[in-house]
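Student: Handing you a structure now.
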Amino acid sequence: MTARLRATGTTAKEPDTVRAPGAVPLAGHTLRLLRDPLGFLLAQHGGAESVELRLGLRPVYLLTRAETVRRVLVTDQRHYDKGGPIIEGARPLFGDGLGTCPRSEHRRQRSLLQPAFHSARIAAYSPVMQACAEEVAGSWQDGRTLDLGREMYRIAARVIGRTLASDPAASRLVQDIEEALPTLMGHGFLRVVVPWSLPHELPLAANRRYQEARSVVRASIDDTIAAYRRSGTTRTDLLGHLVTVRDEHGAGLDDREIHDQIMVMLIAGIETTATALGWTFHLLGRSPEAERRVTAEIDAVLCGRSPTVEDLSRLPYLTRVFTEALRLYPTVPLLSRVATTEVTLGGRTLPAGTEFFLSPYCLHRDPEVFPEPERFDPDRWLPERVGPEQRRGFLPWGAGARKCIGDTFSLTEASLALATILRDWRLRPDPASRVTPTVRFSLHPSGLRMTAHRRSSPHPARGAGNCATGHDAPAAARQAQDAPR
């Protein structure tokens, strides 16, 4: 999929707002969004500043330029709130947790949760993150073809299980959410693009599966909260923090609020990290030179030992690889907002209540911001190549006050998993499989099957030769990156 190039070298001016073609009476653009959401959205970029879409008879304006999106998310964010089709589709599942709550509740919720995501807390979680990746990868067999999406889910679910709720009583919760997540995420997107309530209420098999999965997870969360309340034990995990945290008035979170926060953390924490890891390995499997460079860097820095959070700053190419994977396949491909006051966008004055779509997937493919946008090029994130335009146009975690609170958590977890797996394994695409981006609330790599090959002697004996230790690690990593390509 390639974005339409904006016209250059001409005096013709694109209109600020246009209506997307192909609307069907009564259904609008719903069918096109169901058939090929990414292709349809990408086709609208490259021209007008905003494009009017129709979900049934409901107008939603797609904002197609990074500078306009920054206004909505950052500069003029006081005039916009969480709302629109994405949030309406998510709230029945997520409740009013931090990711979906209105602005009136956001500041209090964020201040209560922020200590749980402090850098020192994340560093304390990092050995658990690394151990989970080690356990899952350690179960692989040399030469075996894996459902890699499933394997990344196993890692992410274990991490969330051990950092969110470490009490043995919570083990059932993690199992339930891991089993229910594909159903919950897939059906949730249908609720975004199908604007009529009746299809979601009919006694269809898909609706029953969704309702059953949601009921199981909700009951499991409630049981876990009750177990933590009964124990009276102070725990340092995320749920322990939610149960005991107090605001400046001494008020804590009630069970409903804790329930909604756990639902967001479980689903977002597993889904986003697992899909980001899956896409990264998919891209490396198609890019032998990038894989060679990243494994050389890992070998030079780690010398066969397990990675730690302190090593991540000495793995700059690995960071660029993951950043580029997030550019091409942002975990959340589509966001929505609602205007809370009269606003002017796309050359039009729009009333309060107007709804907007913003697509990180499409914005990351703007050729004026990211040259050769379809090319996997980790070095586009070298400091000397990154300018303000790229920073403003890169939105994998959102931006502004509603930027994802778990971005550092997810980045740390994913980086440790990548370093752990690439230290010991080469993952090769299964030629019989076809990987396709599937839009749920996340951007899922459907059909991701890869064959695991154990690396033979991937590193010298510790302390031998040019094996990097201590202060030698950055220099050795640079040497590995600068080797002939």
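Following the order of the structure tokens, first chain is A, next is B, and so on, with residues numbered from 1 inside each chain and ligands from 1 in the order they appear.
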Which neighbours of A:Gln211 fall inside 10 Å, counting only C-alpha atoms, when residues of the same chain fewer than 6 positions from it are skipped, and could you give them as a list in words?
Tutor: Leu93, Thr183, Leu184, His187, Glu201 and Ala205 of chain A
Student: Which polymer residues have any atom within 10 Å of an atom of A:Met129, counting only C-alpha atoms, with same-chain residues fewer than 2 positions away left out, as a list in words?
Tutor: Ile122, Ala123, Ala124, Tyr125, Ser126, Pro127, Ala131, Cys132, Ala133, Glu134, Ile155, Ala156, Arg158, Val159, Ile160, Arg162, Thr163, Thr308, Val309, Phe409, Ser410, Thr412, Glu413, Ala414, Ser415, Leu416 and Ala417 of chain A
Student: Okay, now the selection with N, CA and C atoms, as a PDB file, in the first residue's frame?
Tutor:
ATOM      1  N   ILE A 122       9.636   0.519  36.502  1.00  0.00           N
ATOM      2  CA  ILE A 122       9.801  -0.278  35.285  1.00  0.00           C
ATOM      3  C   ILE A 122      11.128  -1.028  35.324  1.00  0.00           C
ATOM      4  N   ALA A 123      12.176  -0.367  35.808  1.00  0.00           N
ATOM      5  CA  ALA A 123      13.468  -1.049  35.938  1.00  0.00           C
ATOM      6  C   ALA A 123      13.352  -2.247  36.872  1.00  0.00           C
ATOM      7  N   ALA A 124      12.555  -2.107  37.925  1.00  0.00           N
ATOM      8  CA  ALA A 124      12.365  -3.226  38.854  1.00  0.00           C
ATOM      9  C   ALA A 124      11.612  -4.377  38.200  1.00  0.00           C
ATOM     10  N   TYR A 125      10.710  -4.043  37.262  1.00  0.00           N
ATOM     11  CA  TYR A 125       9.982  -5.092  36.544  1.00  0.00           C
ATOM     12  C   TYR A 125      10.843  -5.775  35.475  1.00  0.00           C
ATOM     13  N   SER A 126      11.917  -5.143  35.052  1.00  0.00           N
ATOM     14  CA  SER A 126      12.652  -5.602  33.869  1.00  0.00           C
ATOM     15  C   SER A 126      13.197  -7.026  33.985  1.00  0.00           C
ATOM     16  N   PRO A 127      13.681  -7.489  35.146  1.00  0.00           N
ATOM     17  CA  PRO A 127      14.116  -8.894  35.199  1.00  0.00           C
ATOM     18  C   PRO A 127      12.979  -9.866  34.913  1.00  0.00           C
ATOM     19  N   ALA A 131      12.927 -12.553  31.882  1.00  0.00           N
ATOM     20  CA  ALA A 131      12.743 -13.964  32.200  1.00  0.00           C
ATOM     21  C   ALA A 131      11.577 -14.570  31.427  1.00  0.00           C
ATOM     22  N   CYS A 132      10.519 -13.802  31.216  1.00  0.00           N
ATOM     23  CA  CYS A 132       9.373 -14.320  30.463  1.00  0.00           C
ATOM     24  C   CYS A 132       9.754 -14.615  29.014  1.00  0.00           C
ATOM     25  N   ALA A 133      10.526 -13.709  28.398  1.00  0.00           N
ATOM     26  CA  ALA A 133      10.992 -13.959  27.025  1.00  0.00           C
ATOM     27  C   ALA A 133      11.903 -15.183  26.986  1.00  0.00           C
ATOM     28  N   GLU A 134      12.762 -15.319  27.988  1.00  0.00           N
ATOM     29  CA  GLU A 134      13.680 -16.468  28.056  1.00  0.00           C
ATOM     30  C   GLU A 134      12.901 -17.770  28.174  1.00  0.00           C
ATOM     31  N   ILE A 155       4.559 -14.402  25.612  1.00  0.00           N
ATOM     32  CA  ILE A 155       5.510 -13.567  26.340  1.00  0.00           C
ATOM     33  C   ILE A 155       4.793 -12.413  27.027  1.00  0.00           C
ATOM     34  N   ALA A 156       3.998 -11.678  26.249  1.00  0.00           N
ATOM     35  CA  ALA A 156       3.343 -10.483  26.790  1.00  0.00           C
ATOM     36  C   ALA A 156       2.370 -10.834  27.911  1.00  0.00           C
ATOM     37  N   ARG A 158       2.565 -13.380  29.988  1.00  0.00           N
ATOM     38  CA  ARG A 158       3.324 -13.710  31.198  1.00  0.00           C
ATOM     39  C   ARG A 158       3.855 -12.454  31.879  1.00  0.00           C
ATOM     40  N   VAL A 159       4.333 -11.511  31.080  1.00  0.00           N
ATOM     41  CA  VAL A 159       4.847 -10.273  31.672  1.00  0.00           C
ATOM     42  C   VAL A 159       3.743  -9.553  32.430  1.00  0.00           C
ATOM     43  N   ILE A 160       2.595  -9.377  31.783  1.00  0.00           N
ATOM     44  CA  ILE A 160       1.492  -8.686  32.442  1.00  0.00           C
ATOM     45  C   ILE A 160       1.022  -9.468  33.665  1.00  0.00           C
ATOM     46  N   ARG A 162       2.706 -11.325  35.673  1.00  0.00           N
ATOM     47  CA  ARG A 162       3.624 -11.271  36.820  1.00  0.00           C
ATOM     48  C   ARG A 162       3.874  -9.859  37.327  1.00  0.00           C
ATOM     49  N   THR A 163       3.585  -8.862  36.504  1.00  0.00           N
ATOM     50  CA  THR A 163       3.780  -7.487  36.968  1.00  0.00           C
ATOM     51  C   THR A 163       2.473  -6.847  37.402  1.00  0.00           C
ATOM     52  N   THR A 308      19.932  -6.817  30.288  1.00  0.00           N
ATOM     53  CA  THR A 308      19.327  -6.092  31.401  1.00  0.00           C
ATOM     54  C   THR A 308      18.860  -4.736  30.902  1.00  0.00           C
ATOM     55  N   VAL A 309      18.096  -4.042  31.726  1.00  0.00           N
ATOM     56  CA  VAL A 309      17.601  -2.730  31.325  1.00  0.00           C
ATOM     57  C   VAL A 309      18.759  -1.757  31.099  1.00  0.00           C
ATOM     58  N   PHE A 409       7.029   1.307  29.531  1.00  0.00           N
ATOM     59  CA  PHE A 409       6.871  -0.086  29.945  1.00  0.00           C
ATOM     60  C   PHE A 409       6.938  -0.996  28.722  1.00  0.00           C
ATOM     61  N   SER A 410       6.148  -0.681  27.707  1.00  0.00           N
ATOM     62  CA  SER A 410       6.091  -1.513  26.510  1.00  0.00           C
ATOM     63  C   SER A 410       7.414  -1.503  25.756  1.00  0.00           C
ATOM     64  N   THR A 412      10.422  -1.002  26.973  1.00  0.00           N
ATOM     65  CA  THR A 412      11.399  -1.778  27.732  1.00  0.00           C
ATOM     66  C   THR A 412      11.147  -3.266  27.568  1.00  0.00           C
ATOM     67  N   GLU A 413       9.898  -3.670  27.714  1.00  0.00           N
ATOM     68  CA  GLU A 413       9.555  -5.080  27.575  1.00  0.00           C
ATOM     69  C   GLU A 413       9.910  -5.613  26.193  1.00  0.00           C
ATOM     70  N   ALA A 414       9.535  -4.874  25.146  1.00  0.00           N
ATOM     71  CA  ALA A 414       9.793  -5.324  23.783  1.00  0.00           C
ATOM     72  C   ALA A 414      11.291  -5.384  23.490  1.00  0.00           C
ATOM     73  N   SER A 415      12.045  -4.395  23.942  1.00  0.00           N
ATOM     74  CA  SER A 415      13.483  -4.371  23.683  1.00  0.00           C
ATOM     75  C   SER A 415      14.190  -5.535  24.359  1.00  0.00           C
ATOM     76  N   LEU A 416      13.800  -5.836  25.592  1.00  0.00           N
ATOM     77  CA  LEU A 416      14.407  -6.971  26.286  1.00  0.00           C
ATOM     78  C   LEU A 416      14.035  -8.284  25.608  1.00  0.00           C
ATOM     79  N   ALA A 417      12.802  -8.401  25.137  1.00  0.00           N
ATOM     80  CA  ALA A 417      12.388  -9.615  24.432  1.00  0.00           C
ATOM     81  C   ALA A 417      13.155  -9.775  23.129  1.00  0.00           C
TER      82      ALA A 417
END
Student: Which residues are near stretch 351-365 of chain A? Cut-off 8 Å, only C-alpha atoms, ignore same chain within fewer than 5 positions. Put them as a ChimeraX atom specification.
Tutor: /A:2-3,38,41-42,45,59-66,69,83-85,327-330,332-343,370,373-374,393-396
Student: I need the chosen residues saved as a short mmCIF file (atom, residue, chain, number, x, y, z; two decimals), in the first residue's frame, with N, CA and C atoms.
Tutor:
data_model
loop_
_atom_site.label_atom_id
_atom_site.label_comp_id
_atom_site.auth_asym_id
_atom_site.auth_seq_id
_atom_site.Cartn_x
_atom_site.Cartn_y
_atom_site.Cartn_z
N THR A 2 0.63 2.14 -0.88
CA THR A 2 1.42 3.37 -0.94
C THR A 2 0.51 4.57 -0.88
N ALA A 3 1.00 5.57 -0.13
CA ALA A 3 0.21 6.79 -0.02
C ALA A 3 0.23 7.56 -1.32
N LEU A 38 -7.42 -0.26 5.90
CA LEU A 38 -6.15 0.43 5.71
C LEU A 38 -6.03 1.00 4.30
N LEU A 41 -8.46 4.06 3.99
CA LEU A 41 -7.99 5.25 4.71
C LEU A 41 -6.75 5.85 4.04
N LEU A 42 -5.84 4.99 3.59
CA LEU A 42 -4.62 5.48 2.97
C LEU A 42 -4.91 6.21 1.66
N HIS A 45 -5.47 9.98 2.01
CA HIS A 45 -4.36 10.84 2.40
C HIS A 45 -3.62 11.35 1.16
N PRO A 59 -21.43 11.49 10.02
CA PRO A 59 -20.20 12.03 9.45
C PRO A 59 -19.05 11.97 10.44
N VAL A 60 -17.88 11.56 9.94
CA VAL A 60 -16.64 11.56 10.72
C VAL A 60 -15.56 12.12 9.81
N TYR A 61 -14.78 13.06 10.31
CA TYR A 61 -13.77 13.73 9.49
C TYR A 61 -12.40 13.09 9.73
N LEU A 62 -11.80 12.58 8.66
CA LEU A 62 -10.47 11.99 8.72
C LEU A 62 -9.44 13.11 8.52
N LEU A 63 -8.56 13.31 9.49
CA LEU A 63 -7.52 14.34 9.40
C LEU A 63 -6.26 13.70 8.82
N THR A 64 -5.75 14.29 7.75
CA THR A 64 -4.73 13.61 6.94
C THR A 64 -3.34 14.20 7.04
N ARG A 65 -3.15 15.24 7.82
CA ARG A 65 -1.83 15.87 7.89
C ARG A 65 -1.35 15.93 9.32
N ALA A 66 -0.05 15.68 9.49
CA ALA A 66 0.52 15.59 10.83
C ALA A 66 0.34 16.89 11.61
N VAL A 69 -3.17 17.02 12.96
CA VAL A 69 -3.34 16.05 14.05
C VAL A 69 -2.65 16.55 15.32
N GLY A 83 -13.42 10.44 22.38
CA GLY A 83 -14.79 10.23 21.92
C GLY A 83 -14.76 9.78 20.48
N GLY A 84 -15.91 9.74 19.84
CA GLY A 84 -15.98 9.30 18.47
C GLY A 84 -16.10 7.79 18.38
N PRO A 85 -16.09 7.24 17.16
CA PRO A 85 -16.39 5.82 16.96
C PRO A 85 -15.45 4.86 17.67
N ARG A 327 6.80 2.52 13.20
CA ARG A 327 6.39 3.46 12.16
C ARG A 327 5.56 2.75 11.10
N LEU A 328 6.08 1.63 10.61
CA LEU A 328 5.37 0.93 9.53
C LEU A 328 4.09 0.27 10.02
N TYR A 329 4.10 -0.24 11.23
CA TYR A 329 2.95 -0.96 11.76
C TYR A 329 2.65 -0.49 13.18
N PRO A 330 2.15 0.73 13.34
CA PRO A 330 1.81 1.20 14.69
C PRO A 330 0.75 0.30 15.30
N VAL A 332 -1.66 0.80 17.29
CA VAL A 332 -3.02 1.34 17.20
C VAL A 332 -3.10 2.14 15.90
N PRO A 333 -3.74 1.59 14.86
CA PRO A 333 -3.71 2.23 13.55
C PRO A 333 -4.68 3.38 13.38
N LEU A 334 -5.67 3.49 14.29
CA LEU A 334 -6.73 4.48 14.11
C LEU A 334 -7.19 4.99 15.47
N LEU A 335 -7.27 6.32 15.61
CA LEU A 335 -7.75 6.97 16.82
C LEU A 335 -8.97 7.81 16.47
N SER A 336 -9.73 8.17 17.49
CA SER A 336 -10.84 9.10 17.25
C SER A 336 -10.92 10.11 18.38
N ARG A 337 -11.42 11.28 18.04
CA ARG A 337 -11.62 12.37 19.00
C ARG A 337 -12.95 13.06 18.68
N VAL A 338 -13.43 13.83 19.65
CA VAL A 338 -14.65 14.61 19.46
C VAL A 338 -14.38 16.04 19.89
N ALA A 339 -14.88 17.00 19.14
CA ALA A 339 -14.72 18.41 19.49
C ALA A 339 -15.66 18.74 20.64
N THR A 340 -15.14 19.43 21.65
CA THR A 340 -15.97 19.84 22.79
C THR A 340 -16.46 21.28 22.65
N THR A 341 -15.89 22.01 21.68
CA THR A 341 -16.32 23.38 21.39
C THR A 341 -16.36 23.53 19.87
N GLU A 342 -16.81 24.64 19.40
CA GLU A 342 -16.74 24.93 17.96
C GLU A 342 -15.27 25.03 17.57
N VAL A 343 -14.89 24.37 16.48
CA VAL A 343 -13.49 24.37 16.04
C VAL A 343 -13.44 24.66 14.54
N PHE A 370 8.25 11.09 5.64
CA PHE A 370 9.09 9.90 5.68
C PHE A 370 9.37 9.45 4.25
N PRO A 373 8.34 5.78 2.09
CA PRO A 373 7.66 5.38 3.33
C PRO A 373 7.44 3.88 3.48
N GLU A 374 7.38 3.13 2.37
CA GLU A 374 7.15 1.70 2.48
C GLU A 374 8.43 0.93 2.78
N GLY A 393 5.50 13.80 13.30
CA GLY A 393 4.68 12.88 12.52
C GLY A 393 4.66 11.46 13.02
N PHE A 394 5.42 11.16 14.07
CA PHE A 394 5.54 9.80 14.59
C PHE A 394 4.66 9.68 15.83
N LEU A 395 3.60 8.88 15.73
CA LEU A 395 2.57 8.88 16.78
C LEU A 395 2.17 7.47 17.22
N PRO A 396 3.11 6.57 17.48
CA PRO A 396 2.70 5.22 17.84
C PRO A 396 2.03 5.13 19.20
#
Student: May I have the residues within 12 Å of A:Arg449 as a ChimeraX atom specification, using only C-alpha atoms and disregarding those fewer than 5 positions away in the same chain?
Tutor: /A:144-152,278-279,281-282,285,427-436
Student: Just want the 10 Å neighbourhood of A:Glu212, counted on only C-alpha atoms, with same-chain residues fewer than 4 positions away dropped. Output as an MDAnalysis selection string.
Tutor: chainID A and resid 180 183:184 206:208 216:218
Student: Write the residues of the preceding selection, restricted to N, CA and C atoms, as an mmCIF file, in the first residue's frame.
Tutor:
data_model
loop_
_atom_site.group_PDB
_atom_site.id
_atom_site.type_symbol
_atom_site.label_atom_id
_atom_site.label_comp_id
_atom_site.auth_asym_id
_atom_site.auth_seq_id
_atom_site.Cartn_x
_atom_site.Cartn_y
_atom_site.Cartn_z
ATOM 1 N N ALA A 180 -9.309 -15.073 25.703
ATOM 2 C CA ALA A 180 -10.428 -14.260 25.228
ATOM 3 C C ALA A 180 -10.005 -13.124 24.308
ATOM 4 N N THR A 183 -10.933 -12.792 20.436
ATOM 5 C CA THR A 183 -12.365 -12.560 20.231
ATOM 6 C C THR A 183 -12.746 -11.136 20.594
ATOM 7 N N LEU A 184 -12.260 -10.657 21.735
ATOM 8 C CA LEU A 184 -12.607 -9.317 22.198
ATOM 9 C C LEU A 184 -12.094 -8.252 21.240
ATOM 10 N N ALA A 206 -21.170 -14.985 16.537
ATOM 11 C CA ALA A 206 -20.081 -14.057 16.824
ATOM 12 C C ALA A 206 -20.406 -13.162 18.017
ATOM 13 N N ASN A 207 -21.653 -12.700 18.084
ATOM 14 C CA ASN A 207 -22.056 -11.872 19.221
ATOM 15 C C ASN A 207 -22.031 -12.664 20.525
ATOM 16 N N ARG A 208 -22.458 -13.910 20.462
ATOM 17 C CA ARG A 208 -22.443 -14.745 21.677
ATOM 18 C C ARG A 208 -21.022 -14.989 22.149
ATOM 19 N N VAL A 216 -16.549 -13.677 30.962
ATOM 20 C CA VAL A 216 -15.522 -14.475 31.645
ATOM 21 C C VAL A 216 -14.412 -13.576 32.183
ATOM 22 N N VAL A 217 -13.947 -12.652 31.347
ATOM 23 C CA VAL A 217 -12.853 -11.779 31.775
ATOM 24 C C VAL A 217 -13.307 -10.857 32.901
ATOM 25 N N ARG A 218 -14.491 -10.306 32.782
ATOM 26 C CA ARG A 218 -14.985 -9.395 33.827
ATOM 27 C C ARG A 218 -15.119 -10.125 35.169
#
Student: Go through A:Asp260, A:Glu105, A:Asp311, A:Asp176 and flag the residue nearest A:Arg402, using only C-alpha atoms for the distances.
Tutor: A:Glu105
Student: Give me the residues within 10 Å of A:Ala268 as a list in words, counting only C-alpha atoms and dropping any in the same chain fewer than 6 places off.
Tutor: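 Surrounding residues, per the criterion: Phe94, Gly99, Ile160, Ile262, Ala274, Thr331, Val332, Cys404, Gly406, Ser410, Phe441 and Ser442 of chain A.
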Student: Could you check the closest approach to A:Glu67 for each of A:Leu443, A:Leu164, A:Leu350, A:Leu345 and tell me which residue wins, using only C-alpha atoms?
Tutor: A:Leu345
Student: Got a sec: who's within 9 Å of A:Leu253, counting only C-alpha atoms, leaving out chain neighbours fewer than 2 positions off, as number ranges by chain?
Tutor: A: 109, 112, 242-247, 251, 255-258
Student: Enter the distance from atom CA of A:Glu289 to atom CA of A:Leu277, in Å, rounded to one decimal.
Tutor: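 A separation of 18.5 Å between them.
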Student: Give the alpha helix (DSSP H) residues of stretch 161-320 of chain A, as DSSP finds them on the backbone, and put them as a PyMOL selection string.
Tutor: chain A and resi 161-164+171-193+198-201+205-231+238-244+255-285+288-302+316-320
Student: Could the residues in this selection be saved with C-alpha atoms as a compact mmCIF listing (two decimals), in the first residue's frame?
Tutor:
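After the write, again-v6.txt holds the following:
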# COMPACT_ATOMS: atom_id res chain seq x y z
CA GLY A 161 0.53 -11.60 34.65
CA ARG A 162 3.62 -11.27 36.82
CA THR A 163 3.78 -7.49 36.97
CA LEU A 164 0.07 -6.69 37.17
CA SER A 171 -3.19 -16.89 37.58
CA ARG A 172 -6.67 -17.68 36.27
CA LEU A 173 -7.13 -14.05 35.20
CA VAL A 174 -4.13 -14.09 32.88
CA GLN A 175 -5.20 -17.39 31.35
CA ASP A 176 -8.72 -16.09 30.78
CA ILE A 177 -7.60 -12.86 29.13
CA GLU A 178 -5.09 -14.63 26.89
CA GLU A 179 -7.80 -16.99 25.62
CA ALA A 180 -10.43 -14.26 25.23
CA LEU A 181 -8.30 -11.51 23.71
CA PRO A 182 -8.56 -12.43 19.99
CA THR A 183 -12.36 -12.56 20.23
CA LEU A 184 -12.61 -9.32 22.20
CA MET A 185 -10.27 -7.37 19.92
CA GLY A 186 -11.65 -8.65 16.63
CA HIS A 187 -15.29 -8.11 17.46
CA GLY A 188 -14.59 -4.73 19.03
CA PHE A 189 -13.56 -3.19 15.71
CA LEU A 190 -16.87 -4.25 14.15
CA ARG A 191 -18.58 -2.08 16.75
CA VAL A 192 -16.54 0.89 15.51
CA VAL A 193 -17.36 0.74 11.80
CA LEU A 198 -29.11 -4.02 16.12
CA PRO A 199 -26.46 -6.18 14.38
CA HIS A 200 -24.49 -6.32 17.66
CA GLU A 201 -27.54 -7.40 19.66
CA ALA A 205 -22.65 -16.87 17.04
CA ALA A 206 -20.08 -14.06 16.82
CA ASN A 207 -22.06 -11.87 19.22
CA ARG A 208 -22.44 -14.75 21.68
CA ARG A 209 -18.71 -15.46 21.60
CA TYR A 210 -17.95 -11.80 22.29
CA GLN A 211 -20.41 -11.58 25.18
CA GLU A 212 -19.19 -14.83 26.71
CA ALA A 213 -15.55 -13.79 26.44
CA ARG A 214 -16.28 -10.41 28.00
CA SER A 215 -18.28 -11.98 30.85
CA VAL A 216 -15.52 -14.48 31.65
CA VAL A 217 -12.85 -11.78 31.77
CA ARG A 218 -14.99 -9.40 33.83
CA ALA A 219 -15.80 -12.09 36.40
CA SER A 220 -12.15 -13.10 36.60
CA ILE A 221 -11.07 -9.50 37.21
CA ASP A 222 -13.68 -9.06 39.94
CA ASP A 223 -12.54 -12.26 41.65
CA THR A 224 -8.93 -11.11 41.57
CA ILE A 225 -9.74 -7.70 43.06
CA ALA A 226 -11.74 -9.37 45.83
CA ALA A 227 -8.83 -11.71 46.59
CA TYR A 228 -6.46 -8.75 46.91
CA ARG A 229 -8.90 -6.89 49.16
CA ARG A 230 -9.27 -9.94 51.42
CA SER A 231 -5.58 -10.66 51.72
CA LEU A 238 0.42 -2.99 39.64
CA LEU A 239 -2.79 -4.32 41.16
CA GLY A 240 -1.37 -3.84 44.65
CA HIS A 241 -0.73 -0.22 43.71
CA LEU A 242 -4.30 0.24 42.45
CA VAL A 243 -5.79 -1.21 45.61
CA THR A 244 -3.75 0.95 47.99
CA ASP A 255 -13.75 -1.66 42.66
CA ARG A 256 -15.37 -0.45 39.43
CA GLU A 257 -12.50 1.97 38.78
CA ILE A 258 -9.90 -0.69 39.55
CA HIS A 259 -11.78 -3.12 37.28
CA ASP A 260 -11.65 -0.69 34.36
CA GLN A 261 -7.95 0.08 34.86
CA ILE A 262 -7.10 -3.63 34.94
CA MET A 263 -9.09 -4.25 31.77
CA VAL A 264 -7.14 -1.53 29.96
CA MET A 265 -3.78 -2.76 31.29
CA LEU A 266 -4.50 -6.39 30.44
CA ILE A 267 -5.75 -5.82 26.93
CA ALA A 268 -3.44 -2.95 25.96
CA GLY A 269 -0.43 -4.44 27.75
CA ILE A 270 -0.69 -7.80 26.02
CA GLU A 271 -2.09 -6.84 22.63
CA THR A 272 0.11 -3.85 21.79
CA THR A 273 3.42 -5.39 22.86
CA ALA A 274 2.70 -8.75 21.24
CA THR A 275 1.71 -7.21 17.91
CA ALA A 276 4.69 -4.83 17.92
CA LEU A 277 7.09 -7.73 18.52
CA GLY A 278 5.42 -9.81 15.82
CA TRP A 279 5.78 -7.05 13.22
CA THR A 280 9.42 -6.47 14.20
CA PHE A 281 10.36 -10.09 13.65
CA HIS A 282 8.37 -10.13 10.40
CA LEU A 283 10.35 -7.14 9.09
CA LEU A 284 13.70 -8.55 10.22
CA GLY A 285 12.85 -11.86 8.53
CA PRO A 288 18.73 -10.03 6.25
CA GLU A 289 21.10 -7.06 6.43
CA ALA A 290 19.14 -5.42 9.24
CA GLU A 291 19.01 -8.74 11.07
CA ARG A 292 22.78 -9.19 10.66
CA ARG A 293 23.46 -5.74 12.08
CA VAL A 294 21.17 -6.10 15.06
CA THR A 295 22.49 -9.54 16.02
CA ALA A 296 26.09 -8.30 15.67
CA GLU A 297 25.26 -5.44 18.04
CA ILE A 298 23.61 -7.80 20.54
CA ASP A 299 26.55 -10.21 20.42
CA ALA A 300 29.05 -7.41 20.96
CA VAL A 301 27.21 -5.95 23.94
CA LEU A 302 25.86 -9.05 25.68
CA PRO A 316 20.96 1.81 19.60
CA TYR A 317 20.44 -0.13 16.38
CA LEU A 318 17.97 -2.47 18.10
CA THR A 319 16.08 0.63 19.28
CA ARG A 320 16.01 1.99 15.72
